$ cat input.tsv   # TSV, N, CA and C atoms
chain	number	residue	atom	x	y	z
R	1	PRO	N	126.57	93.54	65.52
R	1	PRO	CA	127.28	92.73	66.51
R	1	PRO	C	127.88	93.60	67.62
R	2	LEU	N	128.03	92.98	68.77
R	2	LEU	CA	128.55	93.67	69.95
R	2	LEU	C	129.93	94.27	69.70
R	3	VAL	N	130.78	93.53	69.00
R	3	VAL	CA	132.16	93.97	68.80
R	3	VAL	C	132.22	95.29	68.03
R	4	THR	N	131.35	95.47	67.06
R	4	THR	CA	131.38	96.72	66.30
R	4	THR	C	130.54	97.81	66.96
R	5	ARG	N	129.49	97.42	67.69
R	5	ARG	CA	128.63	98.42	68.33
R	5	ARG	C	129.37	99.17	69.43
R	6	CYS	N	130.12	98.45	70.25
R	6	CYS	CA	130.74	99.08	71.41
R	6	CYS	C	131.77	100.15	71.07
R	7	PRO	N	132.74	99.83	70.23
R	7	PRO	CA	133.70	100.91	69.90
R	7	PRO	C	133.01	102.11	69.26
R	8	ARG	N	132.01	101.87	68.42
R	8	ARG	CA	131.28	102.99	67.81
R	8	ARG	C	130.57	103.81	68.87
R	9	GLN	N	130.00	103.16	69.87
R	9	GLN	CA	129.28	103.86	70.93
R	9	GLN	C	130.23	104.72	71.75
R	10	VAL	N	131.41	104.21	72.06
R	10	VAL	CA	132.41	104.99	72.80
R	10	VAL	C	132.82	106.20	71.98
R	11	VAL	N	133.13	105.99	70.70
R	11	VAL	CA	133.55	107.09	69.83
R	11	VAL	C	132.42	108.11	69.70
R	12	ASP	N	131.18	107.65	69.54
R	12	ASP	CA	130.06	108.56	69.41
R	12	ASP	C	129.90	109.44	70.65
R	13	HIS	N	129.94	108.83	71.83
R	13	HIS	CA	129.79	109.61	73.07
R	13	HIS	C	131.01	110.51	73.31
R	14	TYR	N	132.17	110.12	72.80
R	14	TYR	CA	133.37	110.95	72.95
R	14	TYR	C	133.31	112.15	71.99
R	15	GLU	N	132.98	111.86	70.72
R	15	GLU	CA	132.97	112.93	69.72
R	15	GLU	C	131.73	113.82	69.81
R	16	ASN	N	130.63	113.27	70.30
R	16	ASN	CA	129.37	114.00	70.42
R	16	ASN	C	128.79	113.82	71.82
R	17	PRO	N	129.51	114.26	72.84
R	17	PRO	CA	129.03	114.02	74.20
R	17	PRO	C	127.70	114.73	74.45
R	18	ARG	N	126.83	114.02	75.17
R	18	ARG	CA	125.53	114.58	75.51
R	18	ARG	C	125.62	115.26	76.88
R	19	ASN	N	124.87	116.33	77.02
R	19	ASN	CA	124.67	116.97	78.33
R	19	ASN	C	125.94	117.58	78.94
R	20	VAL	N	126.82	118.09	78.11
R	20	VAL	CA	128.02	118.76	78.62
R	20	VAL	C	127.61	120.15	79.11
R	21	GLY	N	128.18	120.55	80.22
R	21	GLY	CA	127.92	121.89	80.73
R	21	GLY	C	127.61	121.89	82.20
R	22	SER	N	126.98	122.96	82.64
R	22	SER	CA	126.69	123.13	84.06
R	22	SER	C	125.26	123.59	84.26
R	23	LEU	N	124.71	123.20	85.40
R	23	LEU	CA	123.43	123.72	85.86
R	23	LEU	C	123.73	124.78	86.92
R	24	ASP	N	122.72	125.53	87.30
R	24	ASP	CA	122.89	126.57	88.32
R	24	ASP	C	123.13	125.90	89.68
R	25	ARG	N	124.35	125.92	90.14
R	25	ARG	CA	124.70	125.23	91.38
R	25	ARG	C	124.04	125.84	92.61
R	26	ASN	N	123.53	127.06	92.47
R	26	ASN	CA	122.86	127.72	93.59
R	26	ASN	C	121.37	127.40	93.66
R	27	ALA	N	120.85	126.75	92.62
R	27	ALA	CA	119.43	126.38	92.63
R	27	ALA	C	119.19	125.33	93.71
R	28	LYS	N	118.07	125.44	94.40
R	28	LYS	CA	117.77	124.53	95.51
R	28	LYS	C	117.57	123.09	95.05
R	29	ASN	N	117.17	122.90	93.80
R	29	ASN	CA	116.89	121.56	93.31
R	29	ASN	C	118.02	120.98	92.45
R	30	VAL	N	119.22	121.55	92.55
R	30	VAL	CA	120.38	121.06	91.80
R	30	VAL	C	121.41	120.51	92.78
R	31	GLY	N	121.82	119.28	92.51
R	31	GLY	CA	122.87	118.65	93.32
R	31	GLY	C	124.12	118.49	92.48
R	32	THR	N	125.28	118.65	93.09
R	32	THR	CA	126.56	118.58	92.40
R	32	THR	C	127.46	117.57	93.08
R	33	GLY	N	128.09	116.73	92.27
R	33	GLY	CA	129.06	115.77	92.79
R	33	GLY	C	130.35	115.85	91.99
R	34	LEU	N	131.44	115.55	92.63
R	34	LEU	CA	132.75	115.57	91.99
R	34	LEU	C	133.46	114.26	92.31
R	35	VAL	N	133.93	113.58	91.28
R	35	VAL	CA	134.66	112.32	91.48
R	35	VAL	C	135.92	112.36	90.64
R	36	GLY	N	136.89	111.57	91.04
R	36	GLY	CA	138.14	111.50	90.31
R	36	GLY	C	138.80	110.15	90.45
R	37	ALA	N	139.68	109.86	89.50
R	37	ALA	CA	140.46	108.62	89.52
R	37	ALA	C	141.93	109.00	89.57
R	38	PRO	N	142.52	108.98	90.76
R	38	PRO	CA	143.92	109.37	90.89
R	38	PRO	C	144.87	108.57	89.99
R	39	ALA	N	144.47	107.36	89.62
R	39	ALA	CA	145.32	106.51	88.78
R	39	ALA	C	145.70	107.18	87.47
R	40	CYS	N	144.77	107.96	86.91
R	40	CYS	CA	145.08	108.57	85.62
R	40	CYS	C	144.75	110.05	85.55
R	41	GLY	N	144.22	110.62	86.62
R	41	GLY	CA	143.95	112.06	86.63
R	41	GLY	C	142.59	112.46	86.12
R	42	ASP	N	141.71	111.49	85.81
R	42	ASP	CA	140.37	111.83	85.35
R	42	ASP	C	139.58	112.48	86.48
R	43	VAL	N	138.84	113.54	86.14
R	43	VAL	CA	137.98	114.21	87.10
R	43	VAL	C	136.64	114.49	86.41
R	44	MET	N	135.54	114.20	87.12
R	44	MET	CA	134.21	114.43	86.57
R	44	MET	C	133.37	115.20	87.57
R	45	LYS	N	132.70	116.25	87.06
R	45	LYS	CA	131.68	116.95	87.85
R	45	LYS	C	130.34	116.57	87.25
R	46	LEU	N	129.45	116.06	88.08
R	46	LEU	CA	128.10	115.68	87.64
R	46	LEU	C	127.09	116.52	88.41
R	47	GLN	N	126.14	117.08	87.69
R	47	GLN	CA	125.06	117.83	88.32
R	47	GLN	C	123.73	117.26	87.87
R	48	VAL	N	122.80	117.18	88.80
R	48	VAL	CA	121.45	116.74	88.47
R	48	VAL	C	120.44	117.75	89.00
R	49	GLU	N	119.39	117.94	88.23
R	49	GLU	CA	118.26	118.78	88.65
R	49	GLU	C	117.10	117.84	88.96
R	50	VAL	N	116.55	117.99	90.15
R	50	VAL	CA	115.51	117.08	90.63
R	50	VAL	C	114.20	117.85	90.80
R	51	ASP	N	113.10	117.25	90.33
R	51	ASP	CA	111.80	117.91	90.48
R	51	ASP	C	111.21	117.63	91.86
R	52	GLU	N	110.01	118.16	92.09
R	52	GLU	CA	109.38	118.04	93.41
R	52	GLU	C	109.02	116.61	93.79
R	53	ASN	N	109.02	115.71	92.80
R	53	ASN	CA	108.72	114.30	93.06
R	53	ASN	C	109.98	113.44	93.22
R	54	GLY	N	111.14	114.09	93.22
R	54	GLY	CA	112.39	113.35	93.37
R	54	GLY	C	112.89	112.71	92.09
R	55	ARG	N	112.38	113.18	90.95
R	55	ARG	CA	112.78	112.63	89.66
R	55	ARG	C	113.80	113.57	89.01
R	56	ILE	N	114.83	112.98	88.42
R	56	ILE	CA	115.88	113.77	87.76
R	56	ILE	C	115.35	114.25	86.42
R	57	VAL	N	115.27	115.56	86.27
R	57	VAL	CA	114.74	116.15	85.04
R	57	VAL	C	115.83	116.66	84.12
R	58	ASP	N	117.03	116.83	84.64
R	58	ASP	CA	118.16	117.25	83.81
R	58	ASP	C	119.45	116.80	84.47
R	59	ALA	N	120.46	116.62	83.66
R	59	ALA	CA	121.78	116.23	84.16
R	59	ALA	C	122.83	116.84	83.24
R	60	ARG	N	123.91	117.30	83.82
R	60	ARG	CA	125.03	117.90	83.07
R	60	ARG	C	126.33	117.38	83.65
R	61	PHE	N	127.36	117.38	82.82
R	61	PHE	CA	128.67	116.96	83.30
R	61	PHE	C	129.77	117.78	82.66
R	62	LYS	N	130.89	117.81	83.34
R	62	LYS	CA	132.15	118.30	82.81
R	62	LYS	C	133.19	117.28	83.23
R	63	THR	N	133.94	116.79	82.28
R	63	THR	CA	134.95	115.77	82.56
R	63	THR	C	136.29	116.19	81.99
R	64	PHE	N	137.31	116.06	82.80
R	64	PHE	CA	138.69	116.22	82.36
R	64	PHE	C	139.27	114.82	82.38
R	65	GLY	N	139.49	114.26	81.19
R	65	GLY	CA	140.02	112.90	81.17
R	65	GLY	C	140.06	112.32	79.77
R	66	CYS	N	140.26	111.03	79.72
R	66	CYS	CA	140.41	110.32	78.45
R	66	CYS	C	139.05	110.13	77.78
R	67	GLY	N	139.08	109.61	76.56
R	67	GLY	CA	137.86	109.38	75.80
R	67	GLY	C	136.88	108.46	76.50
R	68	SER	N	137.40	107.44	77.17
R	68	SER	CA	136.53	106.51	77.90
R	68	SER	C	135.81	107.22	79.05
R	69	ALA	N	136.50	108.12	79.73
R	69	ALA	CA	135.88	108.86	80.84
R	69	ALA	C	134.80	109.81	80.32
R	70	ILE	N	135.06	110.47	79.21
R	70	ILE	CA	134.08	111.38	78.62
R	70	ILE	C	132.86	110.60	78.14
R	71	ALA	N	133.09	109.48	77.44
R	71	ALA	CA	131.99	108.65	76.96
R	71	ALA	C	131.16	108.12	78.13
R	72	SER	N	131.82	107.68	79.19
R	72	SER	CA	131.12	107.16	80.37
R	72	SER	C	130.27	108.24	81.03
R	73	SER	N	130.80	109.45	81.12
R	73	SER	CA	130.07	110.56	81.72
R	73	SER	C	128.84	110.91	80.88
R	74	SER	N	129.02	110.95	79.57
R	74	SER	CA	127.92	111.25	78.67
R	74	SER	C	126.81	110.22	78.80
R	75	LEU	N	127.17	108.95	78.79
R	75	LEU	CA	126.18	107.88	78.92
R	75	LEU	C	125.48	107.95	80.28
R	76	ALA	N	126.24	108.22	81.33
R	76	ALA	CA	125.65	108.29	82.67
R	76	ALA	C	124.57	109.37	82.74
R	77	THR	N	124.81	110.53	82.13
R	77	THR	CA	123.80	111.59	82.18
R	77	THR	C	122.55	111.18	81.41
R	78	GLU	N	122.72	110.43	80.32
R	78	GLU	CA	121.55	109.95	79.59
R	78	GLU	C	120.75	108.97	80.44
R	79	TRP	N	121.45	108.09	81.13
R	79	TRP	CA	120.79	107.06	81.93
R	79	TRP	C	120.04	107.61	83.13
R	80	VAL	N	120.56	108.66	83.78
R	80	VAL	CA	119.91	109.15	85.00
R	80	VAL	C	118.68	110.01	84.74
R	81	LYS	N	118.61	110.63	83.59
R	81	LYS	CA	117.46	111.48	83.28
R	81	LYS	C	116.18	110.65	83.30
R	82	GLY	N	115.18	111.17	84.00
R	82	GLY	CA	113.90	110.49	84.09
R	82	GLY	C	113.80	109.51	85.24
R	83	LYS	N	114.91	109.21	85.87
R	83	LYS	CA	114.91	108.28	87.00
R	83	LYS	C	114.74	109.05	88.31
R	84	THR	N	114.29	108.35	89.34
R	84	THR	CA	114.30	108.94	90.67
R	84	THR	C	115.74	108.92	91.16
R	85	VAL	N	116.02	109.69	92.19
R	85	VAL	CA	117.37	109.71	92.74
R	85	VAL	C	117.75	108.31	93.21
R	86	ASP	N	116.83	107.60	93.86
R	86	ASP	CA	117.12	106.24	94.33
R	86	ASP	C	117.44	105.30	93.18
R	87	GLU	N	116.70	105.42	92.08
R	87	GLU	CA	116.97	104.58	90.91
R	87	GLU	C	118.34	104.90	90.32
R	88	ALA	N	118.66	106.19	90.24
R	88	ALA	CA	119.95	106.60	89.68
R	88	ALA	C	121.11	106.10	90.53
R	89	LEU	N	120.92	106.07	91.84
R	89	LEU	CA	121.99	105.61	92.73
R	89	LEU	C	122.29	104.13	92.55
R	90	LYS	N	121.39	103.40	91.94
R	90	LYS	CA	121.61	101.97	91.71
R	90	LYS	C	122.47	101.70	90.48
R	91	ILE	N	122.70	102.72	89.65
R	91	ILE	CA	123.56	102.56	88.47
R	91	ILE	C	125.00	102.45	88.94
R	92	LYS	N	125.67	101.42	88.52
R	92	LYS	CA	127.06	101.18	88.91
R	92	LYS	C	127.99	101.49	87.74
R	93	ASN	N	129.22	101.84	88.08
R	93	ASN	CA	130.19	102.09	87.01
R	93	ASN	C	130.39	100.84	86.16
R	94	THR	N	130.24	99.67	86.75
R	94	THR	CA	130.39	98.43	85.97
R	94	THR	C	129.28	98.30	84.92
R	95	ASP	N	128.09	98.83	85.21
R	95	ASP	CA	127.00	98.82	84.23
R	95	ASP	C	127.36	99.67	83.02
R	96	ILE	N	127.94	100.83	83.29
R	96	ILE	CA	128.34	101.74	82.22
R	96	ILE	C	129.49	101.13	81.42
R	97	ALA	N	130.47	100.57	82.12
R	97	ALA	CA	131.60	99.94	81.45
R	97	ALA	C	131.14	98.79	80.56
R	98	LYS	N	130.18	98.01	81.05
R	98	LYS	CA	129.67	96.89	80.26
R	98	LYS	C	128.95	97.39	79.01
R	99	GLU	N	128.12	98.42	79.16
R	99	GLU	CA	127.38	98.97	78.03
R	99	GLU	C	128.33	99.50	76.95
R	100	LEU	N	129.44	100.10	77.38
R	100	LEU	CA	130.42	100.66	76.44
R	100	LEU	C	131.51	99.67	76.06
R	101	CYS	N	131.46	98.45	76.64
R	101	CYS	CA	132.46	97.41	76.37
R	101	CYS	C	133.87	97.88	76.72
R	102	LEU	N	134.00	98.62	77.81
R	102	LEU	CA	135.32	99.08	78.22
R	102	LEU	C	136.11	97.91	78.77
R	103	PRO	N	137.39	97.82	78.44
R	103	PRO	CA	138.22	96.74	78.99
R	103	PRO	C	138.47	96.97	80.48
R	104	PRO	N	138.84	95.93	81.21
R	104	PRO	CA	139.08	96.06	82.66
R	104	PRO	C	140.03	97.19	83.02
R	105	VAL	N	141.02	97.45	82.19
R	105	VAL	CA	142.00	98.50	82.48
R	105	VAL	C	141.35	99.89	82.46
R	106	LYS	N	140.17	100.01	81.85
R	106	LYS	CA	139.47	101.29	81.76
R	106	LYS	C	138.28	101.38	82.72
R	107	LEU	N	138.11	100.39	83.60
R	107	LEU	CA	136.98	100.40	84.52
R	107	LEU	C	136.96	101.65	85.39
R	108	HIS	N	138.13	102.13	85.79
R	108	HIS	CA	138.18	103.32	86.64
R	108	HIS	C	137.68	104.57	85.92
R	109	CYS	N	137.55	104.52	84.61
R	109	CYS	CA	137.07	105.66	83.83
R	109	CYS	C	135.56	105.76	83.81
R	110	SER	N	134.90	104.68	84.20
R	110	SER	CA	133.44	104.63	84.06
R	110	SER	C	132.71	105.11	85.31

$ encode --input "input.tsv" --output "structure tokens"
Amino acid sequence: PLVTRCPRQVVDHYENPRNVGSLDRNAKNVGTGLVGAPACGDVMKLQVEVDENGRIVDARFKTFGCGSAIASSSLATEWVKGKTVDEALKIKNTDIAKELCLPPVKLHCS
């Protein structure tokens, strides 16, 4: 059921985050973005490695924040891998929040 799946998924991504770390920021095919939520102090660095066809072949993150922010960052890196940059740009924080069943008060973490 959804009610038991969602909290488990948040805990799993928090306790076992995927794709933590950094890519070589000086590489020509690596892009880096930094976002933050002043409301609670969460900060996320996201890096993607893009191949010659514009497809994301790797993604890494570092997040300073709550469990919901870490889980959201982990899920986001899983979702963008294999997508084109244009496809990845269509992913909204509300999609991530919905997948993790985050309450409205935690939307800024996603």

$ closest_atom_pairs --input "input.tsv" --of "stretch 14-61 of chain R" --to "stretch 77-96 of chain R" --cutoff "10 Å" --atoms "only C-alpha atoms" --output "tab-separated table"
residue	atom	partner	partner_atom	distance
R:Pro17	CA	R:Thr77	CA	9.8
R:Arg18	CA	R:Glu78	CA	7.3
R:Asn19	CA	R:Thr77	CA	6.7
R:Val20	CA	R:Thr77	CA	9.0
R:Leu46	CA	R:Thr77	CA	8.1
R:Gln47	CA	R:Thr77	CA	8.8
R:Val48	CA	R:Lys81	CA	8.4
R:Glu49	CA	R:Lys81	CA	9.1
R:Val50	CA	R:Val85	CA	7.9
R:Asp51	CA	R:Thr84	CA	9.3
R:Asn53	CA	R:Thr84	CA	8.1
R:Gly54	CA	R:Thr84	CA	5.5
R:Arg55	CA	R:Thr84	CA	4.1
R:Ile56	CA	R:Lys81	CA	5.3
R:Val57	CA	R:Lys81	CA	5.7
R:Asp58	CA	R:Lys81	CA	5.8
R:Ala59	CA	R:Thr77	CA	5.4
R:Arg60	CA	R:Thr77	CA	6.5
R:Phe61	CA	R:Thr77	CA	7.3

$ closest_residue --input "input.tsv" --among "R:Arg25, R:Leu102, R:Lys45, R:Asp12" --to "R:Ser68" --atoms "only C-alpha atoms"
R:Leu102

$ select_by_dssp --input "input.tsv" --residues "chain R" --states "strand (DSSP E or B)" --output "VMD selection string"
chain R and resid 20 30 to 37 42 to 50 55 to 64 84

$ atom_distance --input "input.tsv" --atom1 "atom CA of R:Ser22" --atom2 "atom C of R:Ser74"
13.9 Å

$ atom_distance --input "input.tsv" --atom1 "atom C of R:Pro7" --atom2 "atom CA of R:Leu34"
26.4 Å

$ select_by_dssp --input "input.tsv" --residues "stretch 3-104 of chain R" --states "helix (DSSP H, G or I)" --output "PDB file with N, CA and C atoms, keeping the file's coordinate frame"
ATOM      1  N   VAL R   3     130.780  93.530  69.000  1.00  0.00           N
ATOM      2  CA  VAL R   3     132.160  93.970  68.800  1.00  0.00           C
ATOM      3  C   VAL R   3     132.220  95.290  68.030  1.00  0.00           C
ATOM      4  N   THR R   4     131.350  95.470  67.060  1.00  0.00           N
ATOM      5  CA  THR R   4     131.380  96.720  66.300  1.00  0.00           C
ATOM      6  C   THR R   4     130.540  97.810  66.960  1.00  0.00           C
ATOM      7  N   ARG R   5     129.490  97.420  67.690  1.00  0.00           N
ATOM      8  CA  ARG R   5     128.630  98.420  68.330  1.00  0.00           C
ATOM      9  C   ARG R   5     129.370  99.170  69.430  1.00  0.00           C
ATOM     10  N   CYS R   6     130.120  98.450  70.250  1.00  0.00           N
ATOM     11  CA  CYS R   6     130.740  99.080  71.410  1.00  0.00           C
ATOM     12  C   CYS R   6     131.770 100.150  71.070  1.00  0.00           C
ATOM     13  N   PRO R   7     132.740  99.830  70.230  1.00  0.00           N
ATOM     14  CA  PRO R   7     133.700 100.910  69.900  1.00  0.00           C
ATOM     15  C   PRO R   7     133.010 102.110  69.260  1.00  0.00           C
ATOM     16  N   ARG R   8     132.010 101.870  68.420  1.00  0.00           N
ATOM     17  CA  ARG R   8     131.280 102.990  67.810  1.00  0.00           C
ATOM     18  C   ARG R   8     130.570 103.810  68.870  1.00  0.00           C
ATOM     19  N   GLN R   9     130.000 103.160  69.870  1.00  0.00           N
ATOM     20  CA  GLN R   9     129.280 103.860  70.930  1.00  0.00           C
ATOM     21  C   GLN R   9     130.230 104.720  71.750  1.00  0.00           C
ATOM     22  N   VAL R  10     131.410 104.210  72.060  1.00  0.00           N
ATOM     23  CA  VAL R  10     132.410 104.990  72.800  1.00  0.00           C
ATOM     24  C   VAL R  10     132.820 106.200  71.980  1.00  0.00           C
ATOM     25  N   VAL R  11     133.130 105.990  70.700  1.00  0.00           N
ATOM     26  CA  VAL R  11     133.550 107.090  69.830  1.00  0.00           C
ATOM     27  C   VAL R  11     132.420 108.110  69.700  1.00  0.00           C
ATOM     28  N   ASP R  12     131.180 107.650  69.540  1.00  0.00           N
ATOM     29  CA  ASP R  12     130.060 108.560  69.410  1.00  0.00           C
ATOM     30  C   ASP R  12     129.900 109.440  70.650  1.00  0.00           C
ATOM     31  N   HIS R  13     129.940 108.830  71.830  1.00  0.00           N
ATOM     32  CA  HIS R  13     129.790 109.610  73.070  1.00  0.00           C
ATOM     33  C   HIS R  13     131.010 110.510  73.310  1.00  0.00           C
ATOM     34  N   TYR R  14     132.170 110.120  72.800  1.00  0.00           N
ATOM     35  CA  TYR R  14     133.370 110.950  72.950  1.00  0.00           C
ATOM     36  C   TYR R  14     133.310 112.150  71.990  1.00  0.00           C
ATOM     37  N   GLU R  15     132.980 111.860  70.720  1.00  0.00           N
ATOM     38  CA  GLU R  15     132.970 112.930  69.720  1.00  0.00           C
ATOM     39  C   GLU R  15     131.730 113.820  69.810  1.00  0.00           C
ATOM     40  N   GLY R  67     139.080 109.610  76.560  1.00  0.00           N
ATOM     41  CA  GLY R  67     137.860 109.380  75.800  1.00  0.00           C
ATOM     42  C   GLY R  67     136.880 108.460  76.500  1.00  0.00           C
ATOM     43  N   SER R  68     137.400 107.440  77.170  1.00  0.00           N
ATOM     44  CA  SER R  68     136.530 106.510  77.900  1.00  0.00           C
ATOM     45  C   SER R  68     135.810 107.220  79.050  1.00  0.00           C
ATOM     46  N   ALA R  69     136.500 108.120  79.730  1.00  0.00           N
ATOM     47  CA  ALA R  69     135.880 108.860  80.840  1.00  0.00           C
ATOM     48  C   ALA R  69     134.800 109.810  80.320  1.00  0.00           C
ATOM     49  N   ILE R  70     135.060 110.470  79.210  1.00  0.00           N
ATOM     50  CA  ILE R  70     134.080 111.380  78.620  1.00  0.00           C
ATOM     51  C   ILE R  70     132.860 110.600  78.140  1.00  0.00           C
ATOM     52  N   ALA R  71     133.090 109.480  77.440  1.00  0.00           N
ATOM     53  CA  ALA R  71     131.990 108.650  76.960  1.00  0.00           C
ATOM     54  C   ALA R  71     131.160 108.120  78.130  1.00  0.00           C
ATOM     55  N   SER R  72     131.820 107.680  79.190  1.00  0.00           N
ATOM     56  CA  SER R  72     131.120 107.160  80.370  1.00  0.00           C
ATOM     57  C   SER R  72     130.270 108.240  81.030  1.00  0.00           C
ATOM     58  N   SER R  73     130.800 109.450  81.120  1.00  0.00           N
ATOM     59  CA  SER R  73     130.070 110.560  81.720  1.00  0.00           C
ATOM     60  C   SER R  73     128.840 110.910  80.880  1.00  0.00           C
ATOM     61  N   SER R  74     129.020 110.950  79.570  1.00  0.00           N
ATOM     62  CA  SER R  74     127.920 111.250  78.670  1.00  0.00           C
ATOM     63  C   SER R  74     126.810 110.220  78.800  1.00  0.00           C
ATOM     64  N   LEU R  75     127.170 108.950  78.790  1.00  0.00           N
ATOM     65  CA  LEU R  75     126.180 107.880  78.920  1.00  0.00           C
ATOM     66  C   LEU R  75     125.480 107.950  80.280  1.00  0.00           C
ATOM     67  N   ALA R  76     126.240 108.220  81.330  1.00  0.00           N
ATOM     68  CA  ALA R  76     125.650 108.290  82.670  1.00  0.00           C
ATOM     69  C   ALA R  76     124.570 109.370  82.740  1.00  0.00           C
ATOM     70  N   THR R  77     124.810 110.530  82.130  1.00  0.00           N
ATOM     71  CA  THR R  77     123.800 111.590  82.180  1.00  0.00           C
ATOM     72  C   THR R  77     122.550 111.180  81.410  1.00  0.00           C
ATOM     73  N   GLU R  78     122.720 110.430  80.320  1.00  0.00           N
ATOM     74  CA  GLU R  78     121.550 109.950  79.590  1.00  0.00           C
ATOM     75  C   GLU R  78     120.750 108.970  80.440  1.00  0.00           C
ATOM     76  N   TRP R  79     121.450 108.090  81.130  1.00  0.00           N
ATOM     77  CA  TRP R  79     120.790 107.060  81.930  1.00  0.00           C
ATOM     78  C   TRP R  79     120.040 107.610  83.130  1.00  0.00           C
ATOM     79  N   VAL R  80     120.560 108.660  83.780  1.00  0.00           N
ATOM     80  CA  VAL R  80     119.910 109.150  85.000  1.00  0.00           C
ATOM     81  C   VAL R  80     118.680 110.010  84.740  1.00  0.00           C
ATOM     82  N   VAL R  85     116.020 109.690  92.190  1.00  0.00           N
ATOM     83  CA  VAL R  85     117.370 109.710  92.740  1.00  0.00           C
ATOM     84  C   VAL R  85     117.750 108.310  93.210  1.00  0.00           C
ATOM     85  N   ASP R  86     116.830 107.600  93.860  1.00  0.00           N
ATOM     86  CA  ASP R  86     117.120 106.240  94.330  1.00  0.00           C
ATOM     87  C   ASP R  86     117.440 105.300  93.180  1.00  0.00           C
ATOM     88  N   GLU R  87     116.700 105.420  92.080  1.00  0.00           N
ATOM     89  CA  GLU R  87     116.970 104.580  90.910  1.00  0.00           C
ATOM     90  C   GLU R  87     118.340 104.900  90.320  1.00  0.00           C
ATOM     91  N   ALA R  88     118.660 106.190  90.240  1.00  0.00           N
ATOM     92  CA  ALA R  88     119.950 106.600  89.680  1.00  0.00           C
ATOM     93  C   ALA R  88     121.110 106.100  90.530  1.00  0.00           C
ATOM     94  N   LEU R  89     120.920 106.070  91.840  1.00  0.00           N
ATOM     95  CA  LEU R  89     121.990 105.610  92.730  1.00  0.00           C
ATOM     96  C   LEU R  89     122.290 104.130  92.550  1.00  0.00           C
ATOM     97  N   ASN R  93     129.220 101.840  88.080  1.00  0.00           N
ATOM     98  CA  ASN R  93     130.190 102.090  87.010  1.00  0.00           C
ATOM     99  C   ASN R  93     130.390 100.840  86.160  1.00  0.00           C
ATOM    100  N   THR R  94     130.240  99.670  86.750  1.00  0.00           N
ATOM    101  CA  THR R  94     130.390  98.430  85.970  1.00  0.00           C
ATOM    102  C   THR R  94     129.280  98.300  84.920  1.00  0.00           C
ATOM    103  N   ASP R  95     128.090  98.830  85.210  1.00  0.00           N
ATOM    104  CA  ASP R  95     127.000  98.820  84.230  1.00  0.00           C
ATOM    105  C   ASP R  95     127.360  99.670  83.020  1.00  0.00           C
ATOM    106  N   ILE R  96     127.940 100.830  83.290  1.00  0.00           N
ATOM    107  CA  ILE R  96     128.340 101.740  82.220  1.00  0.00           C
ATOM    108  C   ILE R  96     129.490 101.130  81.420  1.00  0.00           C
ATOM    109  N   ALA R  97     130.470 100.570  82.120  1.00  0.00           N
ATOM    110  CA  ALA R  97     131.600  99.940  81.450  1.00  0.00           C
ATOM    111  C   ALA R  97     131.140  98.790  80.560  1.00  0.00           C
ATOM    112  N   LYS R  98     130.180  98.010  81.050  1.00  0.00           N
ATOM    113  CA  LYS R  98     129.670  96.890  80.260  1.00  0.00           C
ATOM    114  C   LYS R  98     128.950  97.390  79.010  1.00  0.00           C
ATOM    115  N   GLU R  99     128.120  98.420  79.160  1.00  0.00           N
ATOM    116  CA  GLU R  99     127.380  98.970  78.030  1.00  0.00           C
ATOM    117  C   GLU R  99     128.330  99.500  76.950  1.00  0.00           C
ATOM    118  N   LEU R 100     129.440 100.100  77.380  1.00  0.00           N
ATOM    119  CA  LEU R 100     130.420 100.660  76.440  1.00  0.00           C
ATOM    120  C   LEU R 100     131.510  99.670  76.060  1.00  0.00           C
ATOM    121  N   PRO R 104     138.840  95.930  81.210  1.00  0.00           N
ATOM    122  CA  PRO R 104     139.080  96.060  82.660  1.00  0.00           C
ATOM    123  C   PRO R 104     140.030  97.190  83.020  1.00  0.00           C
TER     124      PRO R 104
END

$ closest_residue --input "input.tsv" --among "R:Ala69, R:Val30, R:Leu23, R:Leu75" --to "R:Met44" --atoms "only N, CA and C atoms"
R:Ala69

$ atom_distance --input "input.tsv" --atom1 "atom C of R:Ala71" --atom2 "atom C of R:Val10"
6.7 Å

$ closest_residue --input "input.tsv" --among "R:Arg8, R:Gly33, R:Pro104, R:His13" --to "R:Gly67" --atoms "only N, CA and C atoms"
R:His13

$ closest_residue --input "input.tsv" --among "R:Cys40, R:Ser73, R:Lys28, R:Gly65" --to "R:Val105" --atoms "only C-alpha atoms"
R:Cys40

$ closest_residue --input "input.tsv" --among "R:Gln9, R:Ala27, R:Phe64, R:Glu15" --to "R:Gly41" --atoms "only C-alpha atoms"
R:Phe64
